[in-house]
Every structure is written in C-alpha cells, then in structure tokens.
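Structure record follows, encoded as structure tokens.
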Amino acid sequence: MLPRLLLYTRTADYRHDSIPDAVAAVRASGEFVVEHTEDPEDLEGPLDGFAAVAFLSTSGEVLTPAGRARLERYTRAGGGFAGVHAASCTEYGWPYYGELLGARFTRHPAYQPGQALVADPGHPATRHLPPAWEFTDEWYDFDRVPGGPARVLLRADEGSYDGGGMGADHPLAWCRERGPAGGRMFYTSLGHASDAYRDPDFLAHLNGGLLWVSGAAI
C-alpha cells in the first residue's frame, strides 16, 4: 500500500509559478497516493487517513481556525508533516506553526547558482547527493537555526553565491522526530522554480523527505 499524502498548495501571498509542475512531479513519482487541494475546508476534517500532510509553496495565512486546530491535533498525535520552499513563508500569525516547522523565512537574495553542502548523508533526502551539490535556487535565510531535536540535512555554502545572510551555519533542509508518538517533520527550502521539479537530484531529495515523514523510509 502506498502512503496517502495530502498535498496543500493554497497561497494568500506570493504564488509560485512552479506549483503545477511540483504537484505533477510528486504525483509522477509513483511513491504516494496524492490528494491535492487548495481548499482550506479540506484541512478542517479528519486527517488520520493520511500518512503525511505536505505544504508545498504555500504562502500567507492559509488555514482557518478549525484547520489550525485540526493540523495541530494531527501532528501532536504523530502525523507526519512536510514543508517545501515557501511553506516557511506561511502562517506567521500562528505560533504553533513556527514551532512545528522550526524556523521561518526572513529574506532571500536573487535566484542564482550556488552550493548546498550535505550535513547528514544518512537521510533518505540526502544520501544520494554529492557532498557539495550544485543547484540554482533562492537560498532562503531564516530567523533562526532550528534547535532542539532538529537534524540539519543541508547547509548553504554562502561563499558559492551572492547575498547570503546567515554565515557558516546556514540550514537549507532539516527534519525532526516529533514527540513520543513518532510524528515526523521534514522541511526543504529548495524548489523555487519549475526546473527543480525536472531535476533528478532535487526530485530524489524531495521524495526522500516525503517518504521519510510518511514513515515509508528510514
């Protein structure tokens, strides 16, 4: 049985042109039964039938109060959660979402080539990557380095591009186990452009993270 994935792409602020390509790529992976929605009412009902909920390039305030309560209940009970790219530009007014994700977007320089350094080569999202991965993206900065039980998977080499703002300890992707029920969280800041969703290394990174939060990969 393939894991069921609820893929949410609602935007209330900036909208990425790459969203249709991203959704198509996750579907085409064949790794999940994907239910895609932009309707906030779909997050107000029971989520227990999903192995994970993924926010893909969401932006702004995208949940109703009932949806917030439902997602918090789901993740606290052990449900998997993934955030992709602009998911860190989402729900700034909801403190629990910041706790769930571990850090929030602050700014980014121009879209440009750079290097992502693999900090943890043992994770399904990174084990296929070279130690220094050449990629083109927006190289997000965050308000903090995720702490506590967070496991940083990728860091930015700020010397490889212009405009970095976090220094040597600049996370790009991370994960963590959540609580005694074993709920997992994965976030990657990469995935701005449609080209990413045609890149085999990025797709393996994304799908590895989604499989991990779904409990289908170790």
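Ligands are numbered from 1 in the order shown, residues from 1 within each chain, and chains are lettered A, B, ... in the order they appear in the structure tokens.
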Practice prompt. Using DSSP on the backbone coordinates, identify all residues within stretch 114-214 of chain A classified as helix (DSSP H, G or I); present the result as a list in words.
Written response: Glu158, Gly159, Ser160, Ser194, Asp195, Ala196, Tyr197, Arg198, Pro200, Asp201, Phe202, Leu203, Ala204, His205, Leu206, Asn207, Gly208, Gly209, Leu210, Leu211, Trp212 and Val213 of chain A
Could the residues of stretch 11-126 of chain A that have an atom at most 7 Å from stretch 183-192 of chain A be listed as JSON lines, each with its closest atom pair and the distance in Å to one decimal, counting only C-alpha atoms and ordered by chain and ascending residue number?
{"residue": "A:Ser18", "atom": "CA", "partner": "A:His192", "partner_atom": "CA", "distance": 6.9}
{"residue": "A:Thr75", "atom": "CA", "partner": "A:Gly183", "partner_atom": "CA", "distance": 6.3}
{"residue": "A:Gly78", "atom": "CA", "partner": "A:Gly183", "partner_atom": "CA", "distance": 3.5}
{"residue": "A:Gly79", "atom": "CA", "partner": "A:Gly183", "partner_atom": "CA", "distance": 4.9}
{"residue": "A:Gly80", "atom": "CA", "partner": "A:Arg184", "partner_atom": "CA", "distance": 4.7}
{"residue": "A:Phe81", "atom": "CA", "partner": "A:Met185", "partner_atom": "CA", "distance": 4.8}
{"residue": "A:Ala82", "atom": "CA", "partner": "A:Phe186", "partner_atom": "CA", "distance": 4.7}
{"residue": "A:Gly83", "atom": "CA", "partner": "A:Tyr187", "partner_atom": "CA", "distance": 4.6}
{"residue": "A:Val84", "atom": "CA", "partner": "A:Thr188", "partner_atom": "CA", "distance": 5.2}
{"residue": "A:His85", "atom": "CA", "partner": "A:Ser189", "partner_atom": "CA", "distance": 4.0}
Atoms kept (N, CA and C atoms) for selection, written as a PDB file, in the first residue's frame:
ATOM      1  N   SER A  18       5.736  27.645 -10.224  1.00  0.00           N
ATOM      2  CA  SER A  18       6.171  26.248 -10.279  1.00  0.00           C
ATOM      3  C   SER A  18       5.201  25.281  -9.610  1.00  0.00           C
ATOM      4  N   THR A  75      -0.621  16.526  14.063  1.00  0.00           N
ATOM      5  CA  THR A  75       0.828  16.411  14.217  1.00  0.00           C
ATOM      6  C   THR A  75       1.222  16.044  15.644  1.00  0.00           C
ATOM      7  N   GLY A  78       1.129  12.397  16.174  1.00  0.00           N
ATOM      8  CA  GLY A  78       2.087  11.565  15.459  1.00  0.00           C
ATOM      9  C   GLY A  78       2.008  11.622  13.959  1.00  0.00           C
ATOM     10  N   GLY A  79       1.120  12.454  13.391  1.00  0.00           N
ATOM     11  CA  GLY A  79       1.032  12.576  11.941  1.00  0.00           C
ATOM     12  C   GLY A  79       2.262  13.252  11.355  1.00  0.00           C
ATOM     13  N   GLY A  80       2.657  12.840  10.158  1.00  0.00           N
ATOM     14  CA  GLY A  80       3.821  13.418   9.501  1.00  0.00           C
ATOM     15  C   GLY A  80       3.495  14.754   8.844  1.00  0.00           C
ATOM     16  N   PHE A  81       4.480  15.642   8.833  1.00  0.00           N
ATOM     17  CA  PHE A  81       4.303  16.947   8.189  1.00  0.00           C
ATOM     18  C   PHE A  81       5.556  17.287   7.402  1.00  0.00           C
ATOM     19  N   ALA A  82       5.344  17.806   6.172  1.00  0.00           N
ATOM     20  CA  ALA A  82       6.460  18.268   5.352  1.00  0.00           C
ATOM     21  C   ALA A  82       6.165  19.673   4.858  1.00  0.00           C
ATOM     22  N   GLY A  83       7.205  20.478   4.765  1.00  0.00           N
ATOM     23  CA  GLY A  83       7.115  21.806   4.179  1.00  0.00           C
ATOM     24  C   GLY A  83       8.122  21.937   3.062  1.00  0.00           C
ATOM     25  N   VAL A  84       7.697  22.540   1.964  1.00  0.00           N
ATOM     26  CA  VAL A  84       8.570  22.718   0.802  1.00  0.00           C
ATOM     27  C   VAL A  84       8.613  24.193   0.438  1.00  0.00           C
ATOM     28  N   HIS A  85       9.809  24.719   0.314  1.00  0.00           N
ATOM     29  CA  HIS A  85      10.098  26.071  -0.135  1.00  0.00           C
ATOM     30  C   HIS A  85       9.299  27.103   0.652  1.00  0.00           C
TER      31      HIS A  85
END
Residues within 10 Å of stretch 121-129 of chain A, please, as a short mmCIF file (atom, residue, chain, number, x, y, z; two decimals) with C-alpha atoms, in the first residue's frame. Count only C-alpha atoms; anything in the same chain fewer than 2 positions from it doesn't count.
data_model
loop_
_atom_site.label_atom_id
_atom_site.label_comp_id
_atom_site.auth_asym_id
_atom_site.auth_seq_id
_atom_site.Cartn_x
_atom_site.Cartn_y
_atom_site.Cartn_z
CA ALA A 116 24.29 23.08 -0.88
CA LEU A 117 26.54 21.15 1.49
CA VAL A 118 25.30 17.80 2.75
CA ALA A 119 25.32 17.90 6.55
CA PRO A 131 28.95 16.32 -0.51
CA ALA A 132 28.74 19.68 -2.33
CA TRP A 133 25.65 19.84 -4.52
CA GLU A 134 25.49 22.43 -7.30
CA ARG A 151 18.59 17.30 12.36
CA LEU A 153 20.36 17.82 6.39
CA LEU A 154 21.69 20.54 4.07
CA ALA A 173 16.81 21.49 4.84
CA TRP A 174 16.16 19.77 8.14
CA CYS A 175 13.97 17.21 9.87
CA PHE A 186 10.75 17.48 7.12
CA THR A 188 13.40 21.86 2.45
CA ASP A 201 18.70 15.08 -7.70
CA PHE A 202 16.13 17.53 -6.40
CA LEU A 203 13.28 15.10 -7.00
CA ALA A 204 15.15 12.38 -5.10
CA HIS A 205 15.75 14.91 -2.28
CA LEU A 206 12.08 15.88 -2.16
CA ASN A 207 10.68 12.37 -2.47
CA GLY A 208 13.14 11.05 0.11
CA GLY A 209 11.90 13.65 2.59
CA LEU A 210 8.24 12.95 1.82
CA LEU A 211 8.74 9.20 2.16
CA TRP A 212 10.51 9.72 5.47
CA ALA A 217 11.61 5.28 4.52
CA ILE A 218 14.14 5.01 7.35
#
Apply DSSP to the backbone of this structure and, from stretch 3-187 of chain A, keep only the residues in strand (DSSP E); write these as a ChimeraX atom specification. /A:4-8,33-37,52-56,80-84,105-107,112-118,132-137,141-142,151-157,171-178,183-187
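Counting only C-alpha atoms, A:Gln112 has the following residues at most 8 Å away, ignoring those fewer than 6 positions along the same chain: Thr136, Asp137, Glu138 and Tyr161 of chain A.
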**Prompt:** Quick one: residues within 9 Å of A:Ser160, only C-alpha atoms counted, chain neighbours fewer than 5 positions away excluded, as number ranges by chain?
**Reply:** A: 113-116
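Taking atom CA of A:Val62 as the reference point, atom CA of A:Arg10 is found at 6.1 Å.
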- Message: Would you compute the distance between atom CA of A:Glu44 and atom CA of A:Glu177? Give it in Å to one decimal.
- Response: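 Spanning atom CA of A:Glu44 to atom CA of A:Glu177 is a straight-line distance of 24.0 Å.
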Using only C-alpha atoms, the best pick from A:Ala196, A:Ala77, A:Leu71, A:Val23 as closest to A:Tyr97 would be A:Leu71
Please measure the separation of atom CA of A:Glu35 and atom CA of A:Leu6, giving the value in Å to one decimal.
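Result for atom CA of A:Glu35 versus atom CA of A:Leu6: 5.0 Å, one decimal.
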Kindly provide the residues of stretch 125-179 of chain A that approach stretch 105-111 of chain A to within 7 Å, each paired with its closest atom pair and their distance in Å to one decimal, based on only C-alpha atoms, listed by chain and increasing number, as a tab-separated table.
residue	atom	partner	partner_atom	distance
A:Thr136	CA	A:Tyr111	CA	6.9
A:Asp137	CA	A:Tyr111	CA	5.2
A:Glu138	CA	A:Tyr111	CA	4.4
A:Trp139	CA	A:His108	CA	5.9
A:Tyr140	CA	A:His108	CA	4.7
A:Asp141	CA	A:Arg107	CA	5.4
A:Phe142	CA	A:Phe105	CA	4.5
A:Asp143	CA	A:Thr106	CA	5.9
A:Gly163	CA	A:Pro109	CA	5.3
A:Gly164	CA	A:Pro109	CA	6.9
Find the residues around A:Asp17 up to 9 Å (only C-alpha atoms counted), leave out those fewer than 3 positions away in its own chain, and share them as number ranges by chain.
A: 20-21, 192-194
Which residue of A:His36, A:Arg15, A:Arg104, A:His170 approaches A:Arg155 most closely, using only C-alpha atoms
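Ranked by minimum distance to A:Arg155, first place goes to A:His170.
Counting only C-alpha atoms, the residue from A:Leu47, A:Ala28, A:Leu56, A:Val33 that sits nearest to A:Met1 is A:Val33.
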Using only C-alpha atoms, which residues sit within 8 Å of A:Cys89 once same-chain residues fewer than 2 positions away are excluded, as a list of chain:residue names?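 Neighbouring residues, sequence-local ones excluded: A:Thr58, A:Ser59, A:Gly60, A:Ala86, A:Ala87, A:Glu91, A:Tyr92, A:Arg104, A:Phe105.
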Generate a file of the selected residues that holds all heavy atoms, formatted as a PDB file, in the first residue's frame.
ATOM      1  N   THR A  58       3.118  27.017  -0.095  1.00  0.00           N
ATOM      2  CA  THR A  58       2.046  27.822   0.475  1.00  0.00           C
ATOM      3  C   THR A  58       2.618  29.184   0.860  1.00  0.00           C
ATOM      4  O   THR A  58       3.833  29.347   1.013  1.00  0.00           O
ATOM      5  CB  THR A  58       1.482  27.130   1.719  1.00  0.00           C
ATOM      6  OG1 THR A  58       2.569  26.764   2.580  1.00  0.00           O
ATOM      7  CG2 THR A  58       0.694  25.885   1.352  1.00  0.00           C
ATOM      8  N   SER A  59       1.747  30.167   1.057  1.00  0.00           N
ATOM      9  CA  SER A  59       2.219  31.485   1.496  1.00  0.00           C
ATOM     10  C   SER A  59       1.093  32.218   2.197  1.00  0.00           C
ATOM     11  O   SER A  59      -0.079  32.071   1.830  1.00  0.00           O
ATOM     12  CB  SER A  59       2.728  32.321   0.313  1.00  0.00           C
ATOM     13  OG  SER A  59       1.671  32.637  -0.569  1.00  0.00           O
ATOM     14  N   GLY A  60       1.452  33.006   3.202  1.00  0.00           N
ATOM     15  CA  GLY A  60       0.473  33.783   3.930  1.00  0.00           C
ATOM     16  C   GLY A  60      -0.364  32.923   4.861  1.00  0.00           C
ATOM     17  O   GLY A  60       0.012  31.807   5.246  1.00  0.00           O
ATOM     18  N   ALA A  86       8.315  27.749   0.046  1.00  0.00           N
ATOM     19  CA  ALA A  86       7.624  28.863   0.696  1.00  0.00           C
ATOM     20  C   ALA A  86       6.710  28.442   1.835  1.00  0.00           C
ATOM     21  O   ALA A  86       6.052  29.290   2.445  1.00  0.00           O
ATOM     22  CB  ALA A  86       6.830  29.664  -0.332  1.00  0.00           C
ATOM     23  N   ALA A  87       6.692  27.158   2.181  1.00  0.00           N
ATOM     24  CA  ALA A  87       5.975  26.747   3.391  1.00  0.00           C
ATOM     25  C   ALA A  87       6.492  27.482   4.616  1.00  0.00           C
ATOM     26  O   ALA A  87       5.766  27.649   5.595  1.00  0.00           O
ATOM     27  CB  ALA A  87       6.099  25.241   3.594  1.00  0.00           C
ATOM     28  N   GLU A  91       1.632  31.211   7.558  1.00  0.00           N
ATOM     29  CA  GLU A  91       1.064  31.199   8.905  1.00  0.00           C
ATOM     30  C   GLU A  91       1.973  31.878   9.937  1.00  0.00           C
ATOM     31  O   GLU A  91       2.207  31.361  11.029  1.00  0.00           O
ATOM     32  CB  GLU A  91       0.746  29.755   9.323  1.00  0.00           C
ATOM     33  CG  GLU A  91      -0.410  29.130   8.547  1.00  0.00           C
ATOM     34  CD  GLU A  91      -1.775  29.746   8.878  1.00  0.00           C
ATOM     35  OE1 GLU A  91      -1.940  30.219  10.015  1.00  0.00           O
ATOM     36  OE2 GLU A  91      -2.655  29.746   7.990  1.00  0.00           O
ATOM     37  N   TYR A  92       2.438  33.079   9.588  1.00  0.00           N
ATOM     38  CA  TYR A  92       3.256  33.842  10.533  1.00  0.00           C
ATOM     39  C   TYR A  92       2.470  34.189  11.800  1.00  0.00           C
ATOM     40  O   TYR A  92       3.055  34.407  12.861  1.00  0.00           O
ATOM     41  CB  TYR A  92       3.766  35.132   9.886  1.00  0.00           C
ATOM     42  CG  TYR A  92       4.914  34.947   8.930  1.00  0.00           C
ATOM     43  CD1 TYR A  92       4.702  34.966   7.551  1.00  0.00           C
ATOM     44  CD2 TYR A  92       6.207  34.773   9.384  1.00  0.00           C
ATOM     45  CE1 TYR A  92       5.752  34.807   6.667  1.00  0.00           C
ATOM     46  CE2 TYR A  92       7.276  34.614   8.512  1.00  0.00           C
ATOM     47  CZ  TYR A  92       7.035  34.627   7.145  1.00  0.00           C
ATOM     48  OH  TYR A  92       8.083  34.467   6.262  1.00  0.00           O
ATOM     49  N   ARG A 104      11.479  30.230  10.464  1.00  0.00           N
ATOM     50  CA  ARG A 104      10.655  30.943   9.485  1.00  0.00           C
ATOM     51  C   ARG A 104      11.537  31.740   8.533  1.00  0.00           C
ATOM     52  O   ARG A 104      12.587  32.273   8.913  1.00  0.00           O
ATOM     53  CB  ARG A 104       9.686  31.891  10.191  1.00  0.00           C
ATOM     54  CG  ARG A 104       8.622  31.194  11.039  1.00  0.00           C
ATOM     55  CD  ARG A 104       7.689  32.231  11.621  1.00  0.00           C
ATOM     56  NE  ARG A 104       6.688  31.695  12.525  1.00  0.00           N
ATOM     57  CZ  ARG A 104       5.510  31.202  12.178  1.00  0.00           C
ATOM     58  NH1 ARG A 104       5.197  31.146  10.893  1.00  0.00           N
ATOM     59  NH2 ARG A 104       4.654  30.765  13.083  1.00  0.00           N
ATOM     60  N   PHE A 105      11.081  31.832   7.299  1.00  0.00           N
ATOM     61  CA  PHE A 105      11.753  32.613   6.258  1.00  0.00           C
ATOM     62  C   PHE A 105      11.848  34.087   6.661  1.00  0.00           C
ATOM     63  O   PHE A 105      10.903  34.650   7.212  1.00  0.00           O
ATOM     64  CB  PHE A 105      10.949  32.485   4.965  1.00  0.00           C
ATOM     65  CG  PHE A 105      11.306  33.472   3.884  1.00  0.00           C
ATOM     66  CD1 PHE A 105      12.354  33.232   3.022  1.00  0.00           C
ATOM     67  CD2 PHE A 105      10.579  34.651   3.740  1.00  0.00           C
ATOM     68  CE1 PHE A 105      12.671  34.135   2.015  1.00  0.00           C
ATOM     69  CE2 PHE A 105      10.889  35.562   2.742  1.00  0.00           C
ATOM     70  CZ  PHE A 105      11.941  35.306   1.879  1.00  0.00           C
TER      71      PHE A 105
END
